[in-house]
Structure formats: structure tokens, C-alpha cells
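Structure file query-v4.txt; described as compact mmCIF, C-alpha atoms.
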# COMPACT_ATOMS: atom_id res chain seq x y z
CA MET W 1 108.83 90.25 68.03
CA TYR W 2 105.79 91.14 70.15
CA MET W 3 106.47 94.87 69.86
CA TYR W 4 106.54 94.53 66.08
CA PHE W 5 103.18 92.74 66.22
CA PHE W 6 101.81 95.37 68.62
CA ARG W 7 102.76 98.21 66.26
CA LEU W 8 101.35 96.44 63.21
CA VAL W 9 98.12 95.04 64.67
CA PHE W 10 97.09 95.86 68.23
CA ARG W 11 97.99 99.55 68.11
CA HIS W 12 95.48 100.11 65.31
CA MET W 13 92.72 98.09 66.98
CA ASP W 14 90.19 99.33 69.52
CA PRO W 15 91.83 98.63 72.90
CA GLU W 16 88.88 96.74 74.36
CA ARG W 17 88.51 94.62 71.22
CA ALA W 18 92.25 93.87 71.29
CA HIS W 19 91.93 92.84 74.94
CA HIS W 20 89.13 90.39 74.18
CA LEU W 21 91.07 88.99 71.22
CA ALA W 22 94.24 88.39 73.24
CA PHE W 23 92.20 87.12 76.19
CA GLY W 24 90.54 84.57 73.92
CA TRP W 25 93.88 83.34 72.58
CA ILE W 26 95.20 82.87 76.11
CA ARG W 27 92.12 80.92 77.18
CA ARG W 28 92.21 78.68 74.12
CA ALA W 29 95.92 77.94 74.50
CA ALA W 30 95.40 76.96 78.14
CA ARG W 31 92.81 74.36 77.09
CA VAL W 32 95.25 72.41 74.88
CA PRO W 33 97.35 70.10 77.12
CA VAL W 34 100.51 69.82 75.01
CA LEU W 35 100.47 73.47 74.00
CA ARG W 36 99.93 74.82 77.52
CA THR W 37 102.72 72.61 78.90
CA PHE W 38 105.10 73.88 76.23
CA LEU W 39 104.13 77.52 76.74
CA ALA W 40 104.45 77.27 80.52
CA ALA W 41 107.92 75.75 80.14
CA VAL W 42 108.98 78.65 77.91
CA LEU W 43 107.14 81.54 79.53
CA ALA W 44 106.97 80.50 83.18
CA PRO W 45 110.23 78.84 84.28
CA ARG W 46 110.37 78.62 88.06
CA HIS W 47 113.22 80.04 90.12
CA LYS W 48 113.76 78.55 93.56
CA LYS W 49 115.35 81.78 94.81
CA LEU W 50 112.13 83.71 94.17
CA ARG W 51 109.81 81.52 96.22
CA THR W 52 107.65 83.79 98.33
CA GLU W 53 105.31 83.46 101.28
CA ALA W 54 102.65 86.08 101.95
CA PHE W 55 99.78 86.00 104.47
CA GLY W 56 100.39 82.28 104.93
CA LEU W 57 100.28 81.45 101.21
CA ARG W 58 103.24 80.00 99.33
CA MET W 59 103.90 81.22 95.80
CA HIS W 60 106.44 80.45 93.09
CA GLY W 61 107.47 84.10 93.16
CA PRO W 62 106.31 87.60 94.09
CA PHE W 63 104.85 88.72 90.76
CA GLY W 64 101.11 88.58 90.16
CA LEU W 65 98.47 89.77 87.75
CA ALA W 66 96.57 92.77 89.09
CA ALA W 67 92.79 92.86 89.12
CA GLY W 68 91.07 94.16 86.01
CA PHE W 69 92.44 91.83 83.36
CA ASP W 70 90.36 88.76 84.24
CA LYS W 71 87.17 90.12 85.74
CA ASN W 72 85.15 86.91 85.60
CA ALA W 73 87.70 84.18 86.49
CA LEU W 74 87.84 82.89 82.93
CA ALA W 75 91.59 82.62 82.37
CA ILE W 76 93.30 81.82 85.66
CA ASP W 77 95.21 78.86 84.21
CA GLY W 78 96.06 80.88 81.12
CA MET W 79 97.63 83.65 83.16
CA ALA W 80 99.52 81.14 85.32
CA MET W 81 100.75 79.60 82.05
CA LEU W 82 102.18 83.03 81.16
CA GLY W 83 104.17 83.11 84.38
CA PHE W 84 102.12 85.06 86.92
CA ASP W 85 102.74 83.74 90.42
CA HIS W 86 99.29 84.76 91.60
CA VAL W 87 96.20 85.91 89.74
CA GLU W 88 93.79 88.44 91.18
CA ILE W 89 90.42 88.25 89.48
CA GLY W 90 87.73 90.93 89.43
CA THR W 91 86.68 93.42 90.37
CA VAL W 92 83.53 91.39 91.09
CA THR W 93 80.37 93.12 92.30
CA GLY W 94 77.41 91.77 94.23
CA GLU W 95 75.18 91.90 91.15
CA PRO W 96 76.07 91.57 87.45
CA GLN W 97 76.51 94.85 85.60
CA PRO W 98 77.58 95.90 82.10
CA GLY W 99 79.85 98.70 83.24
CA ASN W 100 80.03 102.10 81.62
CA PRO W 101 79.13 102.65 77.98
CA GLY W 102 81.93 102.52 75.40
CA LYS W 103 84.32 103.83 74.38
CA ARG W 104 85.86 103.21 77.80
CA LEU W 105 89.46 102.04 77.37
CA PHE W 106 92.24 104.18 75.87
CA ARG W 107 95.92 103.59 75.15
CA LEU W 108 98.43 106.36 75.79
CA VAL W 109 101.22 104.69 73.81
CA PRO W 110 103.93 107.39 74.16
CA ASP W 111 103.40 107.24 77.92
CA ARG W 112 103.12 103.44 78.12
CA ALA W 113 99.86 103.99 79.94
CA LEU W 114 96.13 103.28 79.82
CA ILE W 115 93.03 105.20 80.81
CA ASN W 116 89.99 103.13 81.67
CA ARG W 117 86.50 103.90 82.81
CA MET W 118 85.21 100.34 82.53
CA GLY W 119 82.95 100.67 85.57
CA PHE W 120 83.33 97.18 87.07
CA ASN W 121 81.81 95.33 84.12
CA ASN W 122 81.39 91.74 85.33
CA GLU W 123 78.99 88.82 85.59
CA GLY W 124 78.35 89.30 89.31
CA SER W 125 79.41 87.40 92.41
CA LEU W 126 76.96 84.51 92.01
CA ALA W 127 78.17 83.61 88.51
CA VAL W 128 81.85 84.07 89.35
CA ALA W 129 81.51 81.99 92.52
CA ALA W 130 79.91 79.16 90.52
CA ARG W 131 82.75 79.29 87.99
CA LEU W 132 85.40 79.17 90.71
CA ALA W 133 83.60 76.31 92.46
CA SER W 134 83.56 74.20 89.29
CA ARG W 135 87.15 74.97 88.31
CA THR W 136 89.70 72.16 88.05
CA PRO W 137 93.11 73.87 88.21
CA VAL W 138 95.73 72.92 85.65
CA PHE W 139 98.54 75.01 87.15
CA ARG W 140 99.07 75.62 90.83
CA THR W 141 98.61 79.31 91.46
CA VAL W 142 97.23 81.54 94.20
CA VAL W 143 93.88 83.12 93.29
CA GLY W 144 92.85 86.42 94.82
CA VAL W 145 89.31 87.76 94.49
CA ASN W 146 88.84 91.52 94.31
CA ILE W 147 85.34 92.73 95.28
CA GLY W 148 83.68 96.10 94.76
CA LYS W 149 80.34 97.88 95.10
CA THR W 150 77.54 97.37 92.60
CA LYS W 151 76.96 100.72 90.91
CA VAL W 152 73.20 100.93 91.56
CA VAL W 153 73.61 100.13 95.26
CA PRO W 154 73.47 103.35 97.34
CA GLU W 155 76.52 104.17 99.42
CA ALA W 156 74.45 103.68 102.58
CA GLU W 157 73.88 100.03 101.56
CA ALA W 158 77.44 99.36 100.39
CA VAL W 159 78.35 97.18 103.38
CA GLY W 160 75.55 94.72 102.62
CA ASP W 161 76.62 94.54 98.99
CA TYR W 162 80.23 93.72 99.92
CA VAL W 163 79.05 91.16 102.49
CA LYS W 164 76.94 89.42 99.87
CA SER W 165 79.94 89.09 97.57
CA THR W 166 82.09 87.92 100.46
CA GLU W 167 79.67 85.17 101.44
CA ARG W 168 79.56 83.92 97.87
CA LEU W 169 83.23 84.23 96.97
CA ALA W 170 85.26 83.72 100.15
CA PRO W 171 85.03 79.90 99.99
CA HIS W 172 86.79 79.97 96.63
CA ALA W 173 89.38 82.69 97.31
CA ASP W 174 92.93 82.22 98.49
CA TYR W 175 92.66 85.86 99.56
CA LEU W 176 90.05 88.62 99.34
CA VAL W 177 90.57 92.27 98.38
CA VAL W 178 88.14 95.05 99.26
CA ASN W 179 88.35 97.57 96.43
CA VAL W 180 87.32 101.05 97.56
CA SER W 181 89.63 102.93 95.22
CA SER W 182 88.39 102.68 91.64
CA PRO W 183 87.48 106.12 90.26
CA ASN W 184 84.84 104.67 87.94
CA THR W 185 82.03 103.91 90.39
CA PRO W 186 80.40 107.07 91.79
CA GLY W 187 80.98 107.46 95.51
CA LEU W 188 83.25 104.42 95.82
CA ARG W 189 86.36 106.34 96.85
CA ASP W 190 84.40 107.97 99.67
CA LEU W 191 84.55 104.56 101.37
CA GLN W 192 88.31 105.05 101.89
CA ALA W 193 87.57 107.50 104.70
CA THR W 194 88.28 105.62 107.91
CA GLU W 195 84.85 106.30 109.39
CA ALA W 196 83.30 104.47 106.41
CA LEU W 197 86.11 101.97 105.91
CA ARG W 198 86.13 100.61 109.49
CA PRO W 199 82.56 99.20 109.49
CA LEU W 200 82.98 97.94 105.91
CA LEU W 201 86.17 95.99 106.59
CA THR W 202 84.84 94.73 109.90
CA ALA W 203 81.69 93.40 108.23
CA VAL W 204 83.64 91.73 105.42
CA ARG W 205 86.03 90.12 107.92
CA GLU W 206 83.12 88.77 109.95
CA ALA W 207 81.35 87.50 106.83
CA ALA W 208 84.46 85.70 105.62
CA ASP W 209 85.00 84.10 109.02
CA ARG W 210 81.46 82.78 109.41
CA THR W 211 81.33 81.58 105.79
CA VAL W 212 84.69 79.80 105.79
CA THR W 213 85.34 78.11 109.11
CA GLU W 214 88.08 75.63 108.21
CA ARG W 215 90.68 78.31 107.39
CA ARG W 216 91.21 82.04 107.67
CA VAL W 217 90.76 83.84 104.35
CA PRO W 218 93.33 86.67 104.20
CA LEU W 219 91.73 90.10 103.75
CA LEU W 220 93.37 93.07 102.03
CA VAL W 221 92.26 96.56 101.06
CA LYS W 222 93.25 98.36 97.86
CA ILE W 223 93.81 102.11 98.06
CA ALA W 224 94.16 104.97 95.59
CA PRO W 225 97.35 106.89 94.86
CA ASP W 226 95.37 110.12 95.16
CA LEU W 227 94.93 109.88 98.92
CA ALA W 228 96.60 112.64 100.90
CA ASP W 229 99.56 111.46 102.96
CA GLU W 230 97.65 111.79 106.22
CA ASP W 231 94.87 109.62 104.79
CA VAL W 232 97.42 106.99 103.75
CA ASP W 233 98.63 106.99 107.36
CA ALA W 234 95.06 106.69 108.63
CA VAL W 235 94.34 103.67 106.42
CA ALA W 236 97.62 102.07 107.52
CA ASP W 237 96.72 102.55 111.18
CA LEU W 238 93.23 101.18 110.61
CA ALA W 239 94.59 98.11 108.83
CA VAL W 240 96.82 97.34 111.80
CA GLU W 241 94.01 98.01 114.27
CA LEU W 242 91.62 95.65 112.47
CA GLY W 243 94.22 92.96 111.89
CA LEU W 244 94.05 93.11 108.11
CA ASP W 245 96.44 90.87 106.23
CA GLY W 246 97.55 93.42 103.69
CA ILE W 247 97.22 96.65 101.74
CA ILE W 248 97.51 96.93 97.96
CA ALA W 249 99.09 100.19 96.83
CA THR W 250 97.91 101.49 94.49
CA ASN W 251 94.91 101.61 92.16
CA THR W 252 94.68 103.94 89.15
CA THR W 253 94.88 107.72 89.45
CA ILE W 254 92.53 110.49 88.39
CA ALA W 255 95.47 112.91 88.26
CA ARG W 256 96.84 114.20 84.96
CA GLU W 257 98.88 117.25 85.94
CA GLY W 258 102.52 116.84 86.86
CA LEU W 259 102.89 113.41 85.28
CA GLY W 260 104.76 114.58 82.19
CA LEU W 261 102.27 113.00 79.83
CA ALA W 262 103.33 113.13 76.17
CA SER W 263 100.23 111.63 74.56
CA ASP W 264 97.64 113.45 72.48
CA PRO W 265 95.84 115.93 74.79
CA SER W 266 92.50 114.67 73.49
CA LEU W 267 93.34 111.26 74.97
CA VAL W 268 94.86 112.62 78.16
CA LYS W 269 91.66 114.50 79.00
CA GLU W 270 89.51 111.35 78.85
CA THR W 271 87.92 110.65 82.21
CA GLY W 272 88.79 107.49 84.10
CA GLY W 273 91.67 105.94 85.95
CA LEU W 274 95.18 106.32 84.55
CA SER W 275 97.49 103.33 84.93
CA GLY W 276 100.94 102.43 83.68
CA ALA W 277 104.33 104.12 83.71
CA PRO W 278 103.18 107.64 84.79
CA LEU W 279 101.83 106.17 88.03
CA LYS W 280 105.22 104.76 89.03
CA ALA W 281 106.58 107.55 91.23
CA ARG W 282 103.45 108.15 93.32
CA SER W 283 102.74 104.44 93.82
CA LEU W 284 106.29 103.93 95.05
CA GLU W 285 105.96 106.94 97.36
CA VAL W 286 102.72 105.62 98.88
CA LEU W 287 104.29 102.19 99.35
CA ARG W 288 107.31 103.62 101.15
CA ARG W 289 105.04 105.64 103.41
CA LEU W 290 102.95 102.59 104.24
CA TYR W 291 105.98 100.48 105.10
CA ALA W 292 107.41 103.23 107.29
CA ARG W 293 104.08 103.21 109.14
CA VAL W 294 103.35 99.48 109.46
CA GLY W 295 106.74 97.79 109.01
CA GLY W 296 106.34 94.05 108.84
CA ARG W 297 103.07 93.93 110.75
CA ILE W 298 101.00 93.48 107.60
CA THR W 299 101.84 92.49 104.03
CA LEU W 300 102.13 95.20 101.39
CA VAL W 301 101.50 94.62 97.68
CA GLY W 302 103.06 97.07 95.24
CA VAL W 303 101.25 97.82 92.00
CA GLY W 304 101.13 100.79 89.64
CA GLY W 305 103.63 101.52 86.90
CA ILE W 306 105.64 98.31 87.26
CA GLU W 307 107.21 97.66 83.87
CA ASP W 308 110.33 95.60 84.49
CA ALA W 309 112.48 93.84 87.06
CA GLU W 310 114.03 97.08 88.28
CA ASP W 311 110.59 98.50 89.06
CA ALA W 312 109.64 95.32 90.90
CA TRP W 313 112.94 95.31 92.81
CA GLN W 314 112.44 98.93 93.90
CA ARG W 315 108.97 98.05 95.23
CA ILE W 316 110.41 95.15 97.22
CA LEU W 317 113.12 97.36 98.71
CA ALA W 318 110.39 99.89 99.54
CA GLY W 319 108.37 97.32 101.50
CA ALA W 320 106.37 95.17 99.08
CA THR W 321 106.33 91.42 99.66
CA LEU W 322 104.31 90.98 96.47
CA VAL W 323 104.17 93.05 93.30
CA GLN W 324 101.53 93.12 90.58
CA GLY W 325 101.20 94.39 87.04
CA TYR W 326 98.68 94.75 84.26
CA SER W 327 99.17 97.74 81.96
CA ALA W 328 102.73 96.85 80.98
CA PHE W 329 101.48 93.44 79.82
CA ILE W 330 99.74 95.27 76.97
CA TYR W 331 103.03 96.82 75.87
CA ARG W 332 105.49 94.04 76.79
CA GLY W 333 103.58 90.94 75.71
CA PRO W 334 103.78 87.27 76.71
CA PHE W 335 107.49 87.21 77.62
CA TRP W 336 107.05 90.01 80.16
CA SER W 337 106.72 87.82 83.23
CA ARG W 338 109.69 85.64 82.27
CA ALA W 339 111.93 88.68 81.77
CA LEU W 340 110.83 90.20 85.06
CA HIS W 341 111.52 87.01 87.00
CA GLU W 342 114.95 86.58 85.43
CA GLY W 343 115.77 90.19 86.23
CA LEU W 344 114.75 89.74 89.85
CA VAL W 345 116.96 86.66 90.16
CA ALA W 346 119.90 88.65 88.78
CA ARG W 347 119.31 91.53 91.20
CA LEU W 348 118.94 89.25 94.18
CA ARG W 349 122.15 87.43 93.25
CA THR W 350 124.19 90.64 93.24
CA SER W 351 122.50 92.11 96.32
CA PRO W 352 123.53 91.72 99.98
CA TYR W 353 120.29 89.82 100.68
CA ALA W 354 120.03 86.04 100.85
CA THR W 355 116.31 85.98 100.05
CA LEU W 356 113.62 88.29 98.72
CA ALA W 357 112.12 88.37 102.21
CA ASP W 358 115.37 89.87 103.52
CA ALA W 359 115.14 92.62 100.89
CA VAL W 360 111.57 93.67 101.75
CA GLY W 361 111.66 97.22 103.08
CA ALA W 362 115.45 97.38 103.17
CA ASP W 363 115.60 100.89 101.71
CA VAL W 364 113.08 102.21 104.22
CA ARG W 365 114.84 100.56 107.16
CA LYS W 366 118.18 102.17 106.31
CA PRO W 367 119.25 104.75 108.87
CA ALA W 368 118.80 108.32 107.66

Is it possible to express this structure as C-alpha cells?
Amino acid sequence: MYMYFFRLVFRHMDPERAHHLAFGWIRRAARVPVLRTFLAAVLAPRHKKLRTEAFGLRMHGPFGLAAGFDKNALAIDGMAMLGFDHVEIGTVTGEPQPGNPGKRLFRLVPDRALINRMGFNNEGSLAVAARLASRTPVFRTVVGVNIGKTKVVPEAEAVGDYVKSTERLAPHADYLVVNVSSPNTPGLRDLQATEALRPLLTAVREAADRTVTERRVPLLVKIAPDLADEDVDAVADLAVELGLDGIIATNTTIAREGLGLASDPSLVKETGGLSGAPLKARSLEVLRRLYARVGGRITLVGVGGIEDAEDAWQRILAGATLVQGYSAFIYRGPFWSRALHEGLVARLRTSPYATLADAVGADVRKPA
């Protein structure tokens, strides 16, 4: 039914306009008590077998909404209503910014992919923190906050910008993510180099600890799929050294060659980060490499090209405790999360593993 609607309506609409339209529907539905209860019962049934614990947080399951969909913390309850076990908001920057000029979001329908060069358009950390502080949750869900660098802030002052966001947002975050891997902010990916990443992560950790004293706010870093293997290893080693709680692998890619893209070449050549199905193989490869390096010492989150339960299951076997999605939501619609959860239950039932935790990294741990 949704695919029919997508072909008739959304496919012919500007992607960003379609996003805002769907986003508005989700927010409005979540405000109506009877309707949201009904929709949650249909779209978000809970499965006891999928209960997951990650960095000390308990979740209904392993499947969350990746950052980028809800940049300003406007629809957390709406996304929980649709079945996401955790919702990562952002990316939020220290100061408000409009992002890049349009047109900045493109659908590659034959490839089940998106290209975006949004440029961290958001209301800024002060406004988002105020919204989170005043929120009265309707559905219990874990809320992650993804933070990035304000575009106009020079790279030399990036640490201070991240610290400012941390001080404002950490009190309202179940976990924090340092985003140094978006291709749409000039110079941002340079911060993935360990000599730049070490002082940044150290400063954010210290800021979170002095701002929130009654609990430890888990801290993760999100990396790009375009890192060379040796750089993936270096980030993994640094994460262990600094005692990070997790790594999210991966963000969007700037690559186009070798992905077998079938879409119109005029779309493929658009600049920005590519997400969706073509990212699947490299994201899985990076995840496997990370798990081989860190094992169970820190939590890994698999994201990039996850379309169905089989994709999510493969990420878990490769080392992910949590998985996230975004792009496939555009193509799969509101029943996506339900189908993915049911598929995971079926796979777990027929597997040799008693729990999802037992399955994490099982393929990597197998003897060669």
C-alpha cells in the first residue's frame, strides 16, 4: 500500500518537501492520544526476545532511527510510535544555521538511495536543549543526541564549539554522539584524524562529566565509510584508549565509483553524502573490522544500507549491538520497523543463539 502511495505521490514531489510533509503527519498523529495509542499498537508491537542493553541503557529492541531525520527533536514520540527502539536526533550544532542552499536532497530510486548535502540545518544547541528540557515523553524510548561543528566556526576552534553543545545538551541526552564524518561541512572529516580526534573527544568527555554529575552520559563517535582501513583501526584503538562507550559505523559516503549505481548519471554526480542500499557492503566491512579490533570492549552501532531484517541480522553477527536506519524508511514506509522486528525475531528463533547479545559478533568470532 505504501509503495503504491510512494509511486503516485512522494516520488513526484521534491524530496525535502515530501520529508517535511511526512514529518508533519507523524508529529500530528503523535499528539492525538487515541490515534497514537492505536498506531503504536499496530506499528510498534514489542518482542521480549529482542530486548537489548547497550552502554547501560535498556531498550525494547536493537533498531533505532539514525540521525538526520529529526534534527531538532520535534518528533521523538512520533518516531517511537512508529516502532524505533531509540531515536537519535540531530545533527545539532553549537549555533543555529540554515544549512546549504537548495536543492540539497535527491532520491536515487532505482538504487534505493539518497544523496544529501543538507549541511547540518538545525535550530542550534540552545533551542534544541530547551525543547528537550520541556519535553514530556509519551512513549518510553532512548534519545541520543548527535552533535557537530557549526559551519562558520574555524577548524581550530572546533573543540570549543563541540564543548558548548555538550554543556547544553548532555543533561537531556541518554547518549551523545560526536559527528566528525559528515561530508557536507567543510573540514569536518579532517577531525577524524586521531591527532585531532583525541583532544576533541577528551574535551567532550570532560564537558559531559562536569555538566552531568549524577550519571555518566555515554559518548560515541560516528565515522565515515571512506576511511582507509588503517584509519578505521586507529579510531578503534583511540576509542578503547579513551574509554568511549561506542562507535557508530557508518555515516554517508562521498564515493560513487564501484557501487553499481543504476540511477540517472545527472543525479549520481550530485555532490553530497550517499546513503541507502549502495552503502551496505562497505558499512558492513567497516563494522566487521571494528569488531575484530575492539571485540566486546565497546559497543558498536551498525548503520548504512540497512533495509530489512536480514541486513540488521548481518550487522549483529558482524558485531553490532544496535542497528540504525533512515534512508530505507523513505522507501519502505511506516510498517518498516514492524517488519524488521518480526524478521529479527524469526531469525533469532531459528539461530543457535538464545539472545541477540549472544549473536553479536558471532561471525567475526568464528575460527578461520

### Length of the CA of Ala239 in chain W to CA of Gly68 in chain W vector [Å]
23.4 Å

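With only C-alpha atoms as the atoms that count, the minimum distance from Glu230 in chain W to the choices W:Arg332, W:Arg31, W:Arg289, W:Arg256 is reached by W:Arg289.
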
### Message
When you look at Gly99 in chain W with a cut-off of 10 Å (counting all atoms listed in the file), what residues show up, excluding the ones that are within fewer than 4 positions of it in the same chain? I need them as a ChimeraX atom specification.
### Response
/W:104,117-122,150-151,184-185

## Note on the structure
One residue among W:Val204, W:Leu82, W:His60, W:Asp229 is nearest to Trp25 in chain W when using all atoms listed in the file, and that residue is W:Leu82

### Query
Residues at most 12 Å from range 341-348 of chain W, counting all atoms listed in the file, excluding those fewer than 5 positions away in the same chain, as a ChimeraX atom specification?
/W:43-51,60-64,82-85,307-317,323,335-336,353-360

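Distance annotation: of W:Val138, W:Ala362, W:Leu238, W:Met81, the residue with the minimal separation from Leu65 in chain W is W:Met81; atom set is only C-alpha atoms.
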
## Note on the structure
Nearest to Ala234 in chain W, restricted to all atoms listed in the file and choosing among W:Val294, W:Val303, W:Ile147, W:Leu279, comes out as W:Val294

Could you work out an axis-aligned bounding box for all listed atoms of range 252-262 of chain W, with 5 Å added on each of the six sides, and give its centre and edge lengths in Å to one decimal, as JSON?
{"center_x": 98.6, "center_y": 110.6, "center_z": 82.8, "size_x": 22.2, "size_y": 23.3, "size_z": 23.3}

### Task
Please provide the set of residues having any atom within 6 Å of Ala318 in chain W, restricted to all atoms listed in the file, with same-chain residues fewer than 3 positions apart removed, written as a list in words.
Arg288, Arg315, Gly361, Asp363 and Val364 of chain W

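Computed from the coordinates, the CA of Leu227 in chain W to CA of Gln192 in chain W distance equals 8.7 Å.
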